Every structure is written in structure tokens, then in C-alpha cells.
>>> print(open('work00.pdb').read())   # PDB, C-alpha atoms
ATOM      1  CA  MET A   1      -4.151 159.082 -71.538
ATOM      2  CA  ASP A   2      -5.316 162.667 -71.095
ATOM      3  CA  LYS A   3      -8.440 163.173 -73.246
ATOM      4  CA  ARG A   4      -7.756 166.795 -74.184
ATOM      5  CA  LEU A   5      -4.193 166.007 -75.241
ATOM      6  CA  ALA A   6      -5.338 162.932 -77.164
ATOM      7  CA  LEU A   7      -7.844 165.092 -79.042
ATOM      8  CA  ILE A   8      -5.166 167.684 -79.860
ATOM      9  CA  LEU A   9      -2.742 165.040 -81.112
ATOM     10  CA  SER A  10      -5.423 163.302 -83.165
ATOM     11  CA  GLU A  11      -6.302 166.585 -84.861
ATOM     12  CA  VAL A  12      -2.679 167.568 -85.536
ATOM     13  CA  PHE A  13      -1.667 164.184 -86.913
ATOM     14  CA  ARG A  14      -5.070 163.355 -88.449
ATOM     15  CA  LEU A  15      -5.350 160.160 -86.470
ATOM     16  CA  LYS A  16      -8.331 158.675 -84.643
ATOM     17  CA  GLU A  17      -8.374 159.460 -80.913
ATOM     18  CA  LYS A  18      -8.241 155.752 -80.088
ATOM     19  CA  GLU A  19      -4.951 155.523 -82.011
ATOM     20  CA  ILE A  20      -3.281 157.966 -79.604
ATOM     21  CA  ASN A  21      -1.467 156.239 -76.754
ATOM     22  CA  ILE A  22       1.514 156.922 -74.518
ATOM     23  CA  ALA A  23       3.775 154.523 -76.471
ATOM     24  CA  LEU A  24       3.242 156.270 -79.810
ATOM     25  CA  THR A  25       6.423 157.756 -81.326
ATOM     26  CA  LYS A  26       7.322 159.909 -84.323
ATOM     27  CA  ALA A  27       8.487 156.778 -86.113
ATOM     28  CA  ASP A  28       4.982 155.292 -85.836
ATOM     29  CA  VAL A  29       3.220 158.237 -87.465
ATOM     30  CA  GLY A  30       3.938 158.760 -91.147
ATOM     31  CA  SER A  31       2.603 162.330 -91.167
ATOM     32  CA  TRP A  32       4.802 163.429 -88.229
ATOM     33  CA  ASP A  33       7.369 165.475 -90.151
ATOM     34  CA  SER A  34       9.014 168.815 -89.320
ATOM     35  CA  LEU A  35       6.022 170.787 -90.609
ATOM     36  CA  LYS A  36       3.638 168.766 -88.435
ATOM     37  CA  GLN A  37       6.008 169.315 -85.517
ATOM     38  CA  MET A  38       5.563 173.040 -86.054
ATOM     39  CA  ASP A  39       1.766 172.591 -86.086
ATOM     40  CA  LEU A  40       2.059 170.557 -82.883
ATOM     41  CA  VAL A  41       4.159 173.162 -81.084
ATOM     42  CA  LEU A  42       1.905 176.071 -82.071
ATOM     43  CA  THR A  43      -1.227 174.135 -81.086
ATOM     44  CA  LEU A  44       0.154 173.093 -77.687
ATOM     45  CA  GLU A  45       1.378 176.638 -76.948
ATOM     46  CA  ARG A  46      -2.046 178.046 -77.810
ATOM     47  CA  GLU A  47      -4.085 175.396 -76.007
ATOM     48  CA  TYR A  48      -2.051 175.356 -72.785
ATOM     49  CA  ASN A  49      -0.777 178.953 -72.835
ATOM     50  CA  ILE A  50       2.864 177.873 -72.575
ATOM     51  CA  LEU A  51       6.092 178.680 -74.404
ATOM     52  CA  LEU A  52       8.183 175.792 -75.730
ATOM     53  CA  THR A  53      11.928 176.105 -76.333
ATOM     54  CA  ILE A  54      13.982 174.332 -78.997
ATOM     55  CA  PRO A  55      15.320 171.771 -76.426
ATOM     56  CA  ASP A  56      11.692 171.102 -75.382
ATOM     57  CA  ILE A  57      10.665 170.645 -78.996
ATOM     58  CA  LEU A  58      13.516 168.244 -79.701
ATOM     59  CA  ARG A  59      12.317 166.023 -76.829
ATOM     60  CA  MET A  60       8.773 165.947 -78.210
ATOM     61  CA  VAL A  61       9.244 163.049 -80.589
ATOM     62  CA  SER A  62       6.885 160.691 -78.765
ATOM     63  CA  VAL A  63       3.635 161.058 -76.863
ATOM     64  CA  ALA A  64       5.528 160.194 -73.666
ATOM     65  CA  GLY A  65       8.047 162.946 -74.434
ATOM     66  CA  ILE A  66       5.251 165.443 -75.074
ATOM     67  CA  VAL A  67       3.594 164.510 -71.765
ATOM     68  CA  ASP A  68       6.906 164.958 -69.889
ATOM     69  CA  VAL A  69       7.510 168.403 -71.403
ATOM     70  CA  LEU A  70       3.942 169.577 -70.756
ATOM     71  CA  ARG A  71       4.086 168.431 -67.122
ATOM     72  CA  GLU A  72       7.398 170.270 -66.658
ATOM     73  CA  LYS A  73       5.648 173.383 -67.942
ATOM     74  CA  GLY A  74       3.026 172.960 -65.203
ATOM     75  CA  VAL A  75       0.277 171.504 -67.375
ATOM     76  CA  ALA A  76      -1.979 169.136 -65.412
ATOM     77  CA  LEU A  77      -2.598 165.982 -67.414
ATOM     78  CA  GLU A  78      -4.601 162.871 -66.587
ATOM     79  CA  ASP A  79      -2.733 159.556 -66.669
TER      80      ASP A  79
ATOM     81  CA  MET B   1      13.275 165.310-136.241
ATOM     82  CA  VAL B   2      16.271 165.425-133.905
ATOM     83  CA  ALA B   3      15.331 165.627-130.224
ATOM     84  CA  LEU B   4      17.678 166.285-127.323
ATOM     85  CA  VAL B   5      16.417 165.135-123.901
ATOM     86  CA  THR B   6      18.272 166.243-120.783
ATOM     87  CA  GLY B   7      18.377 163.891-117.814
ATOM     88  CA  GLY B   8      17.171 161.209-120.185
ATOM     89  CA  GLY B   9      19.299 158.375-118.890
ATOM     90  CA  LYS B  10      16.575 157.007-116.638
ATOM     91  CA  GLY B  11      13.191 157.680-115.061
ATOM     92  CA  LEU B  12      10.816 160.139-116.673
ATOM     93  CA  GLY B  13      13.478 161.431-119.073
ATOM     94  CA  LEU B  14      14.093 157.975-120.479
ATOM     95  CA  VAL B  15      10.362 157.373-120.944
ATOM     96  CA  ILE B  16      10.109 160.686-122.838
ATOM     97  CA  ALA B  17      13.149 159.761-124.949
ATOM     98  CA  GLU B  18      11.704 156.356-125.822
ATOM     99  CA  HIS B  19       8.305 157.866-126.643
ATOM    100  CA  LEU B  20       9.868 160.378-129.048
ATOM    101  CA  LEU B  21      11.924 157.557-130.545
ATOM    102  CA  SER B  22       8.764 155.516-131.136
ATOM    103  CA  ASN B  23       7.296 158.569-132.881
ATOM    104  CA  GLY B  24      10.156 158.454-135.368
ATOM    105  CA  ALA B  25      12.562 161.002-133.899
ATOM    106  CA  THR B  26      16.306 160.698-133.742
ATOM    107  CA  VAL B  27      16.879 160.978-130.001
ATOM    108  CA  VAL B  28      20.002 162.160-128.205
ATOM    109  CA  VAL B  29      20.048 161.904-124.437
ATOM    110  CA  VAL B  30      22.374 163.889-122.205
ATOM    111  CA  ASP B  31      22.889 162.819-118.627
ATOM    112  CA  ARG B  32      25.672 163.054-116.053
ATOM    113  CA  ASP B  33      25.083 159.433-115.018
ATOM    114  CA  ARG B  34      27.523 157.399-117.125
ATOM    115  CA  ASP B  35      26.050 154.069-115.973
ATOM    116  CA  ALA B  36      22.596 155.154-117.127
ATOM    117  CA  LEU B  37      24.026 156.222-120.489
ATOM    118  CA  ASP B  38      25.737 152.862-120.883
ATOM    119  CA  ALA B  39      22.393 151.134-120.300
ATOM    120  CA  LEU B  40      20.503 153.139-122.956
ATOM    121  CA  PRO B  41      18.866 151.274-125.835
ATOM    122  CA  THR B  42      21.238 151.203-128.800
ATOM    123  CA  SER B  43      18.803 153.276-130.866
ATOM    124  CA  VAL B  44      19.203 156.228-128.463
ATOM    125  CA  PHE B  45      22.374 158.312-128.673
ATOM    126  CA  GLY B  46      23.863 159.192-125.298
ATOM    127  CA  LYS B  47      26.260 161.920-124.236
ATOM    128  CA  CYS B  48      27.638 162.643-120.808
ATOM    129  CA  LEU B  49      26.874 166.189-119.652
ATOM    130  CA  ASP B  50      26.369 168.135-116.453
ATOM    131  CA  VAL B  51      23.668 170.563-117.557
ATOM    132  CA  THR B  52      24.688 173.117-114.925
ATOM    133  CA  GLN B  53      27.972 173.774-116.779
ATOM    134  CA  PRO B  54      27.468 176.354-119.585
ATOM    135  CA  GLU B  55      30.684 175.771-121.542
ATOM    136  CA  GLU B  56      30.345 172.011-121.393
ATOM    137  CA  ALA B  57      26.736 172.379-122.565
ATOM    138  CA  ARG B  58      27.735 174.513-125.576
ATOM    139  CA  THR B  59      30.399 171.998-126.553
ATOM    140  CA  VAL B  60      28.058 169.012-126.320
ATOM    141  CA  VAL B  61      25.243 170.780-128.166
ATOM    142  CA  ALA B  62      27.663 171.754-130.942
ATOM    143  CA  SER B  63      28.780 168.136-131.207
ATOM    144  CA  VAL B  64      25.167 166.949-131.497
ATOM    145  CA  VAL B  65      24.555 169.438-134.313
ATOM    146  CA  LYS B  66      27.748 168.327-136.038
ATOM    147  CA  GLU B  67      26.748 164.668-135.832
ATOM    148  CA  HIS B  68      23.016 164.959-136.600
ATOM    149  CA  GLY B  69      22.777 168.167-138.631
ATOM    150  CA  ARG B  70      20.506 170.152-136.300
ATOM    151  CA  ILE B  71      18.404 169.994-133.129
ATOM    152  CA  ASP B  72      14.646 170.396-133.655
ATOM    153  CA  VAL B  73      13.484 169.686-130.123
ATOM    154  CA  LEU B  74      14.985 170.286-126.708
ATOM    155  CA  VAL B  75      13.274 168.658-123.727
ATOM    156  CA  ASN B  76      14.602 170.219-120.520
ATOM    157  CA  ASN B  77      13.844 167.337-118.213
ATOM    158  CA  ALA B  78      16.947 167.204-115.987
ATOM    159  CA  GLY B  79      16.220 168.160-112.398
ATOM    160  CA  VAL B  80      16.090 166.884-108.870
ATOM    161  CA  ILE B  81      13.161 167.018-106.463
ATOM    162  CA  TYR B  82      14.327 168.744-103.295
ATOM    163  CA  ASN B  83      12.375 168.907-100.037
ATOM    164  CA  GLU B  84      13.292 171.191 -97.150
ATOM    165  CA  PRO B  85      10.918 173.424 -95.195
ATOM    166  CA  LEU B  86      11.831 177.080 -94.635
ATOM    167  CA  VAL B  87      11.798 176.461 -90.877
ATOM    168  CA  ASN B  88      12.683 173.085 -89.394
ATOM    169  CA  ILE B  89      12.412 173.264 -85.637
ATOM    170  CA  MET B  90      13.722 169.710 -85.389
ATOM    171  CA  LYS B  91      17.153 170.798 -86.688
ATOM    172  CA  PRO B  92      18.955 172.318 -83.685
ATOM    173  CA  GLU B  93      22.142 173.083 -85.645
ATOM    174  CA  GLY B  94      20.145 175.676 -87.589
ATOM    175  CA  ILE B  95      16.399 175.809 -87.878
ATOM    176  CA  MET B  96      16.291 177.751 -91.152
ATOM    177  CA  HIS B  97      16.573 176.427 -94.717
ATOM    178  CA  ASP B  98      20.207 175.940 -95.719
ATOM    179  CA  TYR B  99      21.149 178.586 -98.302
ATOM    180  CA  GLY B 100      23.724 176.390 -99.996
ATOM    181  CA  ARG B 101      21.114 173.709-100.593
ATOM    182  CA  PHE B 102      18.662 176.338-101.825
ATOM    183  CA  ARG B 103      21.241 177.464-104.381
ATOM    184  CA  GLU B 104      21.993 173.882-105.415
ATOM    185  CA  ALA B 105      18.320 173.078-105.985
ATOM    186  CA  VAL B 106      17.782 176.259-107.987
ATOM    187  CA  THR B 107      20.934 175.642-110.027
ATOM    188  CA  VAL B 108      19.914 172.110-110.954
ATOM    189  CA  ASN B 109      16.251 172.851-111.627
ATOM    190  CA  LEU B 110      16.305 176.407-113.022
ATOM    191  CA  ASP B 111      19.791 177.442-114.158
ATOM    192  CA  SER B 112      20.163 174.196-116.112
ATOM    193  CA  VAL B 113      17.063 175.040-118.166
ATOM    194  CA  PHE B 114      18.502 178.461-118.984
ATOM    195  CA  ILE B 115      21.925 177.019-119.829
ATOM    196  CA  MET B 116      20.639 174.278-122.122
ATOM    197  CA  THR B 117      18.097 176.500-123.832
ATOM    198  CA  CYS B 118      20.783 179.114-124.557
ATOM    199  CA  ALA B 119      23.061 176.490-126.054
ATOM    200  CA  VAL B 120      20.347 174.914-128.214
ATOM    201  CA  VAL B 121      18.504 178.072-129.292
ATOM    202  CA  GLU B 122      21.821 179.540-130.433
ATOM    203  CA  GLN B 123      22.118 176.624-132.853
ATOM    204  CA  MET B 124      18.444 176.863-133.868
ATOM    205  CA  VAL B 125      18.819 180.557-134.706
ATOM    206  CA  LEU B 126      22.082 180.096-136.598
ATOM    207  CA  LEU B 127      20.666 177.191-138.625
ATOM    208  CA  ARG B 128      17.167 178.767-138.992
ATOM    209  CA  THR B 129      15.638 175.714-137.353
ATOM    210  CA  LYS B 130      11.956 176.197-136.477
ATOM    211  CA  GLY B 131      12.320 174.186-133.299
ATOM    212  CA  VAL B 132      10.518 173.541-130.064
ATOM    213  CA  ILE B 133      11.650 173.860-126.462
ATOM    214  CA  VAL B 134       9.736 171.771-123.931
ATOM    215  CA  ASN B 135      10.444 172.434-120.274
ATOM    216  CA  ILE B 136       9.418 169.921-117.643
ATOM    217  CA  SER B 137       7.843 171.957-114.873
ATOM    218  CA  SER B 138       5.887 170.656-111.891
ATOM    219  CA  ILE B 139       2.637 171.070-110.018
ATOM    220  CA  SER B 140       4.898 172.444-107.251
ATOM    221  CA  ALA B 141       5.447 175.602-109.314
ATOM    222  CA  CYS B 142       2.304 177.050-107.771
ATOM    223  CA  GLY B 143       3.820 176.617-104.291
ATOM    224  CA  ASN B 144       4.097 173.443-102.269
ATOM    225  CA  GLU B 145       4.911 173.278 -98.579
ATOM    226  CA  GLY B 146       8.328 171.874 -97.808
ATOM    227  CA  GLN B 147       9.644 172.780-101.273
ATOM    228  CA  THR B 148      10.761 176.425-101.177
ATOM    229  CA  ALA B 149      13.683 175.957-103.552
ATOM    230  CA  TYR B 150      12.084 173.415-105.874
ATOM    231  CA  ALA B 151       8.830 175.368-106.142
ATOM    232  CA  ALA B 152      10.690 178.621-106.792
ATOM    233  CA  ALA B 153      12.811 176.967-109.468
ATOM    234  CA  LYS B 154       9.817 175.444-111.234
ATOM    235  CA  ALA B 155       7.894 178.733-111.055
ATOM    236  CA  GLY B 156      10.949 180.293-112.693
ATOM    237  CA  VAL B 157      10.835 177.618-115.387
ATOM    238  CA  ASN B 158       7.203 178.540-116.104
ATOM    239  CA  ALA B 159       8.094 182.224-116.329
ATOM    240  CA  MET B 160      10.991 181.529-118.704
ATOM    241  CA  THR B 161       8.717 179.317-120.823
ATOM    242  CA  VAL B 162       6.194 182.102-121.394
ATOM    243  CA  THR B 163       8.942 184.700-121.909
ATOM    244  CA  TRP B 164      10.738 182.591-124.503
ATOM    245  CA  SER B 165       7.475 181.778-126.293
ATOM    246  CA  LYS B 166       7.040 185.522-126.799
ATOM    247  CA  GLU B 167      10.664 186.279-127.713
ATOM    248  CA  LEU B 168      11.364 183.307-129.981
ATOM    249  CA  GLY B 169       8.050 183.093-131.810
ATOM    250  CA  ARG B 170       9.413 185.567-134.369
ATOM    251  CA  CYS B 171      12.110 182.990-135.228
ATOM    252  CA  GLY B 172       9.525 180.224-135.561
ATOM    253  CA  ILE B 173      10.756 178.646-132.335
ATOM    254  CA  ARG B 174       8.032 177.609-129.908
ATOM    255  CA  CYS B 175       8.379 177.076-126.173
ATOM    256  CA  ASN B 176       6.016 175.160-123.925
ATOM    257  CA  ALA B 177       6.125 173.407-120.585
ATOM    258  CA  VAL B 178       4.566 170.247-119.245
ATOM    259  CA  ALA B 179       3.785 170.353-115.537
ATOM    260  CA  PRO B 180       3.321 166.873-114.083
ATOM    261  CA  GLY B 181       1.489 166.318-110.842
ATOM    262  CA  PHE B 182       2.505 163.297-108.833
ATOM    263  CA  ILE B 183       3.748 160.546-111.121
ATOM    264  CA  GLY B 184       4.334 157.006-109.926
ATOM    265  CA  THR B 185       8.067 157.048-110.539
ATOM    266  CA  GLU B 186      10.875 155.828-108.319
ATOM    267  CA  SER B 187      11.835 159.419-107.442
ATOM    268  CA  THR B 188       8.287 160.211-106.280
ATOM    269  CA  HIS B 189       8.236 157.192-103.997
ATOM    270  CA  GLN B 190      11.681 158.146-102.662
ATOM    271  CA  ALA B 191      10.688 161.777-102.058
ATOM    272  CA  LEU B 192       7.291 161.200-100.446
ATOM    273  CA  SER B 193       6.125 159.187 -97.464
ATOM    274  CA  VAL B 194       3.388 156.565 -97.773
ATOM    275  CA  ASP B 195       1.055 158.925 -95.874
ATOM    276  CA  SER B 196       1.800 161.786 -98.247
ATOM    277  CA  ILE B 197       1.015 159.628-101.261
ATOM    278  CA  LYS B 198      -2.225 158.502 -99.607
ATOM    279  CA  HIS B 199      -3.162 162.158 -99.034
ATOM    280  CA  ILE B 200      -2.362 162.984-102.674
ATOM    281  CA  LEU B 201      -4.519 160.119-103.932
ATOM    282  CA  GLN B 202      -7.425 161.270-101.755
ATOM    283  CA  ASN B 203      -7.203 164.757-103.240
ATOM    284  CA  THR B 204      -6.711 163.759-106.871
ATOM    285  CA  PRO B 205     -10.067 163.636-108.674
ATOM    286  CA  LEU B 206      -8.862 160.687-110.764
ATOM    287  CA  GLY B 207      -7.757 158.901-107.570
ATOM    288  CA  ARG B 208      -4.402 157.670-108.801
ATOM    289  CA  LEU B 209      -0.828 158.734-109.507
ATOM    290  CA  GLY B 210       0.056 159.604-113.069
ATOM    291  CA  LYS B 211       2.123 157.433-115.386
ATOM    292  CA  ALA B 212       5.403 158.556-116.902
ATOM    293  CA  GLN B 213       4.019 157.567-120.296
ATOM    294  CA  GLU B 214       1.188 160.084-119.848
ATOM    295  CA  VAL B 215       3.737 162.864-119.314
ATOM    296  CA  ALA B 216       5.630 161.696-122.415
ATOM    297  CA  GLN B 217       2.390 161.859-124.421
ATOM    298  CA  ALA B 218       1.878 165.451-123.263
ATOM    299  CA  VAL B 219       5.432 166.317-124.324
ATOM    300  CA  ALA B 220       4.758 164.836-127.759
ATOM    301  CA  THR B 221       1.517 166.815-128.029
ATOM    302  CA  VAL B 222       3.127 170.199-127.409
ATOM    303  CA  ILE B 223       5.847 169.290-129.911
ATOM    304  CA  GLU B 224       3.492 168.079-132.644
ATOM    305  CA  ASN B 225       0.827 170.783-132.488
ATOM    306  CA  GLU B 226       2.442 173.702-134.273
ATOM    307  CA  PHE B 227       0.056 176.299-132.858
ATOM    308  CA  ILE B 228       0.717 175.500-129.193
ATOM    309  CA  ASN B 229       3.132 178.111-127.833
ATOM    310  CA  GLY B 230       3.650 179.558-124.361
ATOM    311  CA  VAL B 231       1.518 176.895-122.717
ATOM    312  CA  ILE B 232       2.109 175.270-119.318
ATOM    313  CA  LEU B 233       0.274 171.977-119.800
ATOM    314  CA  ASP B 234      -0.831 170.396-116.508
ATOM    315  CA  VAL B 235      -0.737 166.596-116.340
ATOM    316  CA  ASN B 236      -1.997 165.996-112.827
ATOM    317  CA  GLY B 237      -5.317 164.154-112.805
ATOM    318  CA  GLY B 238      -7.098 167.345-111.709
ATOM    319  CA  LEU B 239      -5.164 167.721-108.461
ATOM    320  CA  VAL B 240      -4.937 171.232-107.003
ATOM    321  CA  ILE B 241      -2.367 171.803-104.251
TER     322      ILE B 241
END
>>> encode(input="work00.pdb", output="C-alpha cells")
Amino acid sequence: MDKRLALILSEVFRLKEKEINIALTKADVGSWDSLKQMDLVLTLEREYNILLTIPDILRMVSVAGIVDVLREKGVALED
Amino acid sequence: MVALVTGGGKGLGLVIAEHLLSNGATVVVVDRDRDALDALPTSVFGKCLDVTQPEEARTVVASVVKEHGRIDVLVNNAGVIYNEPLVNIMKPEGIMHDYGRFREAVTVNLDSVFIMTCAVVEQMVLLRTKGVIVNISSISACGNEGQTAYAAAKAGVNAMTVTWSKELGRCGIRCNAVAPGFIGTESTHQALSVDSIKHILQNTPLGRLGKAQEVAQAVATVIENEFINGVILDVNGGLVI
């Protein structure tokens, strides 16, 4: 799991970094609602200097989905 | 004392109705839920009414006055918590707040208070009743994320409360509001996630959700104290949102 991404996700969702893993989904995180999704998108765009589209955002409902979208945007992430 | 409680068929409204009953009032409940009305204690009078319908409201209020002589207290409790953020980027069919749902939430939570107060105050003025209007507001009136329509409606309720306290004082009619924070009712648990409730508890100085009975006690207080007028009484354990 990429450490920088794990830190971002832990801060957005107010989770501990060790709780962030590739299998985590929206259904697992009680605080992951549409407002948090907005926080997530804005944070990722700022941190990685990318622009996310609505289809991208709709795929970002799991950590695996987020990783896929970021990689497609050219973001280098550790496994 | 004759008290009319809107949305009093169940939940917080029923607790308020029962509290006023225990204080010796004659209590009439209006609710659109016929099943809830059928389940009311026999000592509470029930009438079916959609409080968003002005003509229906006038007819029902007139019938209550005919049957019980007057209405001394109106508790505008009917309302529905509605959550929808202004922007929902997870809703591809339209990311912005639905206007129809905005209107619905405002109609149920704000227009209904206007409609019922008009119907009841008309009777109070005609019969020279020195009555009390108690509006059930909410902590969300000061703005709560994810609740554009509900917060706007409740802020409107607060504004009407203060306005009416100024206008109706000359008739001896008082108007106050009770603004609950997060109360441990079924509707709260339905509207909020477990995480949200945990967050609320962490930020509430008293560290717990409120009880419906505590809101009912506040309603009774603003009714009984004849010098309380134009007050929005917070019942929220010290929580600031």
C-alpha cells in the first residue's frame, strides 16, 4: 500500500493509517458519504495535481478503485 | 388547557402529547398517519390531518374548537428530517440538490408551521384566547452540512417564532420554539450513520444523546412560564455544530 496515499485516505476518512488497505471499500467505512467523497476528490486533485472527472469519481468507491484511477492519471504509487 | 400537537401520533410528538396530558391538559393530536392515530392512548384525542393543506387545517382546527371550546396551546411538531447535500458527486444523473425535494422538505417543515399557526391563531384571536404557540425547531437551524432544505426550513421556523412573538404579544398570545439537538429517537437513528452518532457524542459536552422526555419538559416550560416569549430554547446537551 502506497504510504502517501494511505496517509491521505486516513486523514480524509479519519481512520488510522494501519486501517487503510487495498481491500477497503466505501461500504466498510461509515464516514464515507457523498460529502467525504468530495473531500477525497479535492484532496487527491491537490496532492497529485490531477483533474478527476465524474466517471473517475464514480469508480472511486474502494481503495483499489482509487488506486486504479490514480495510476491511469499517471500517478506513481507503490504496491 | 386544550393543547393541539401536530405530528403527535408517534415519536417525539407523542412524547410531548403524553407529557402535556400528564400535566393535566386536554390533548388533541393531529397526524396524517391513521395507524398511529388508531394506536393513541384513549385519553388523547386524535384527528387525521395533513398539515401542509391549509383548508383541511382550518376545518380540523374549527372542529377541535367546536368540540373542546378553544385551543390554548399549539405545538408545531410535525416535520421530517431530510438529508441531501447541495452537491453530490456520486449522483451521475444530476449532481445538484433536487429542487422538488427541496420544496417538499420546506413545505413539510416550514409551510406546515405557517399553515397550522394561521388556523389556530385565527381561533385564538376570535375567542380572545391568551394562548401559546410552541414550534419545534432544530439545532440544524444554524446550518448543518448535508441539510440545506431542512436547515433552511428550521431557520425559517426560528424567524417566524420571533416575528410572531412580537406581533401577537399585544393579543396576549406568546410564541416560542424548542430546538432539540440530537435526540435518541427512531428517526435520528434512521437519519444518521453509526459513525455520525459517534462523532456527535464526542462533540456533545454531556456525552450522550438527548431524551424525547427532555424535549417535552422544555415544551412544557415555555408553555407554563408566562413571561417567556420569543425564545428559541436549545435542548442539545451543549453541542455546537
>>> closest_atom_pairs(input="work00.pdb", of="chain B", to="chain A", cutoff="8 Å", atoms="all atoms listed in the file", output="JSON lines")
{"residue": "B:Pro85", "atom": "CA", "partner": "A:Leu35", "partner_atom": "CA", "distance": 7.2}
{"residue": "B:Asn88", "atom": "CA", "partner": "A:Ser34", "partner_atom": "CA", "distance": 5.6}
{"residue": "B:Ile89", "atom": "CA", "partner": "A:Ser34", "partner_atom": "CA", "distance": 6.7}
{"residue": "B:Met90", "atom": "CA", "partner": "A:Leu58", "partner_atom": "CA", "distance": 5.9}
{"residue": "B:Pro92", "atom": "CA", "partner": "A:Ile54", "partner_atom": "CA", "distance": 7.1}
{"residue": "B:Gly146", "atom": "CA", "partner": "A:Leu35", "partner_atom": "CA", "distance": 7.6}
{"residue": "B:Ser193", "atom": "CA", "partner": "A:Gly30", "partner_atom": "CA", "distance": 6.7}
{"residue": "B:Val194", "atom": "CA", "partner": "A:Gly30", "partner_atom": "CA", "distance": 7.0}
{"residue": "B:Asp195", "atom": "CA", "partner": "A:Gly30", "partner_atom": "CA", "distance": 5.5}
{"residue": "B:Ser196", "atom": "CA", "partner": "A:Ser31", "partner_atom": "CA", "distance": 7.1}
>>> resolve_selection(input="work00.pdb", expression="the PyMOL selection byres ((chain B and resi 7) around 8)", output="PDB file with C-alpha atoms, keeping the file's coordinate frame")
ATOM      1  CA  VAL B   5      16.417 165.135-123.901  1.00  0.00           C
ATOM      2  CA  THR B   6      18.272 166.243-120.783  1.00  0.00           C
ATOM      3  CA  GLY B   8      17.171 161.209-120.185  1.00  0.00           C
ATOM      4  CA  GLY B   9      19.299 158.375-118.890  1.00  0.00           C
ATOM      5  CA  LYS B  10      16.575 157.007-116.638  1.00  0.00           C
ATOM      6  CA  GLY B  13      13.478 161.431-119.073  1.00  0.00           C
ATOM      7  CA  LEU B  14      14.093 157.975-120.479  1.00  0.00           C
ATOM      8  CA  VAL B  29      20.048 161.904-124.437  1.00  0.00           C
ATOM      9  CA  VAL B  30      22.374 163.889-122.205  1.00  0.00           C
ATOM     10  CA  ASP B  31      22.889 162.819-118.627  1.00  0.00           C
ATOM     11  CA  ARG B  32      25.672 163.054-116.053  1.00  0.00           C
ATOM     12  CA  ASN B  76      14.602 170.219-120.520  1.00  0.00           C
ATOM     13  CA  ASN B  77      13.844 167.337-118.213  1.00  0.00           C
ATOM     14  CA  ALA B  78      16.947 167.204-115.987  1.00  0.00           C
ATOM     15  CA  GLY B  79      16.220 168.160-112.398  1.00  0.00           C
TER      16      GLY B  79
END
>>> axis_aligned_box(input="work00.pdb", around="range 1-9 of chain A", padding_each_side="6 Å", output="JSON")
{"center_x": -5.6, "center_y": 163.4, "center_z": -76.1, "size_x": 17.7, "size_y": 20.6, "size_z": 22.0}
>>> resolve_selection(input="work00.pdb", expression="the PyMOL selection byres ((chain A and resi 14-22) around 10)", output="JSON, numbers by chain")
{"A": [1, 2, 3, 4, 5, 6, 7, 8, 9, 10, 11, 12, 13, 23, 24, 25, 29, 31, 32, 62, 63, 64, 65, 66, 67, 79]}
>>> resolve_selection(input="work00.pdb", expression="the PyMOL selection byres ((chain B and resi 1) around 12)", output="list in words")
Val2, Ala3, Leu4, Leu20, Leu21, Ser22, Asn23, Gly24, Ala25, Thr26, Val27, Val28, His68, Gly69, Arg70, Ile71, Asp72, Val73, Leu74, Thr129, Lys130, Gly131, Val132, Ile223 and Glu224 of chain B
>>> atom_distance(input="work00.pdb", atom1="CA of Val64 in chain B", atom2="CA of Gln217 in chain B")
24.4 Å
>>> atom_distance(input="work00.pdb", atom1="CA of Val235 in chain B", atom2="CA of Ile139 in chain B")
8.4 Å
>>> residues_around(input="work00.pdb", residues="Lys73 in chain A", least_positions_apart="5", cutoff="10 Å", atoms="all atoms listed in the file", output="list in words")
Tyr48, Asn49, Ile50, Leu51, Leu52, Asp56, Val67 and Asp68 of chain A
>>> decode(input="work00.pdb", residues="range 86-98 of chain B", atoms="N, CA and C atoms", output="short mmCIF file (atom, residue, chain, number, x, y, z; two decimals), in the first residue's frame")
data_model
loop_
_atom_site.label_atom_id
_atom_site.label_comp_id
_atom_site.auth_asym_id
_atom_site.auth_seq_id
_atom_site.Cartn_x
_atom_site.Cartn_y
_atom_site.Cartn_z
N LEU B 86 -25.87 19.79 -1.08
CA LEU B 86 -26.09 20.66 -2.24
C LEU B 86 -25.47 20.05 -3.49
N VAL B 87 -24.26 19.49 -3.33
CA VAL B 87 -23.59 18.82 -4.44
C VAL B 87 -23.32 17.38 -4.04
N ASN B 88 -23.75 16.45 -4.86
CA ASN B 88 -23.47 15.04 -4.61
C ASN B 88 -22.80 14.47 -5.85
N ILE B 89 -21.47 14.40 -5.79
CA ILE B 89 -20.74 13.98 -6.98
C ILE B 89 -20.85 12.48 -7.24
N MET B 90 -21.55 11.79 -6.35
CA MET B 90 -21.78 10.36 -6.54
C MET B 90 -23.11 10.10 -7.24
N LYS B 91 -23.79 11.17 -7.67
CA LYS B 91 -25.11 11.01 -8.31
C LYS B 91 -25.00 11.45 -9.76
N PRO B 92 -24.61 10.56 -10.66
CA PRO B 92 -24.32 10.96 -12.04
C PRO B 92 -25.52 11.50 -12.80
N GLU B 93 -26.74 11.13 -12.37
CA GLU B 93 -27.94 11.60 -13.09
C GLU B 93 -28.19 13.09 -12.83
N GLY B 94 -27.46 13.66 -11.92
CA GLY B 94 -27.59 15.09 -11.59
C GLY B 94 -26.91 15.33 -10.27
N ILE B 95 -25.82 16.07 -10.31
CA ILE B 95 -25.01 16.16 -9.07
C ILE B 95 -25.57 17.19 -8.08
N MET B 96 -26.51 18.03 -8.54
CA MET B 96 -27.00 19.07 -7.64
C MET B 96 -28.27 18.64 -6.90
N HIS B 97 -28.51 19.26 -5.78
CA HIS B 97 -29.69 19.02 -4.93
C HIS B 97 -30.96 19.09 -5.79
N ASP B 98 -31.83 18.12 -5.64
CA ASP B 98 -33.08 18.09 -6.39
C ASP B 98 -34.01 19.19 -5.88
#
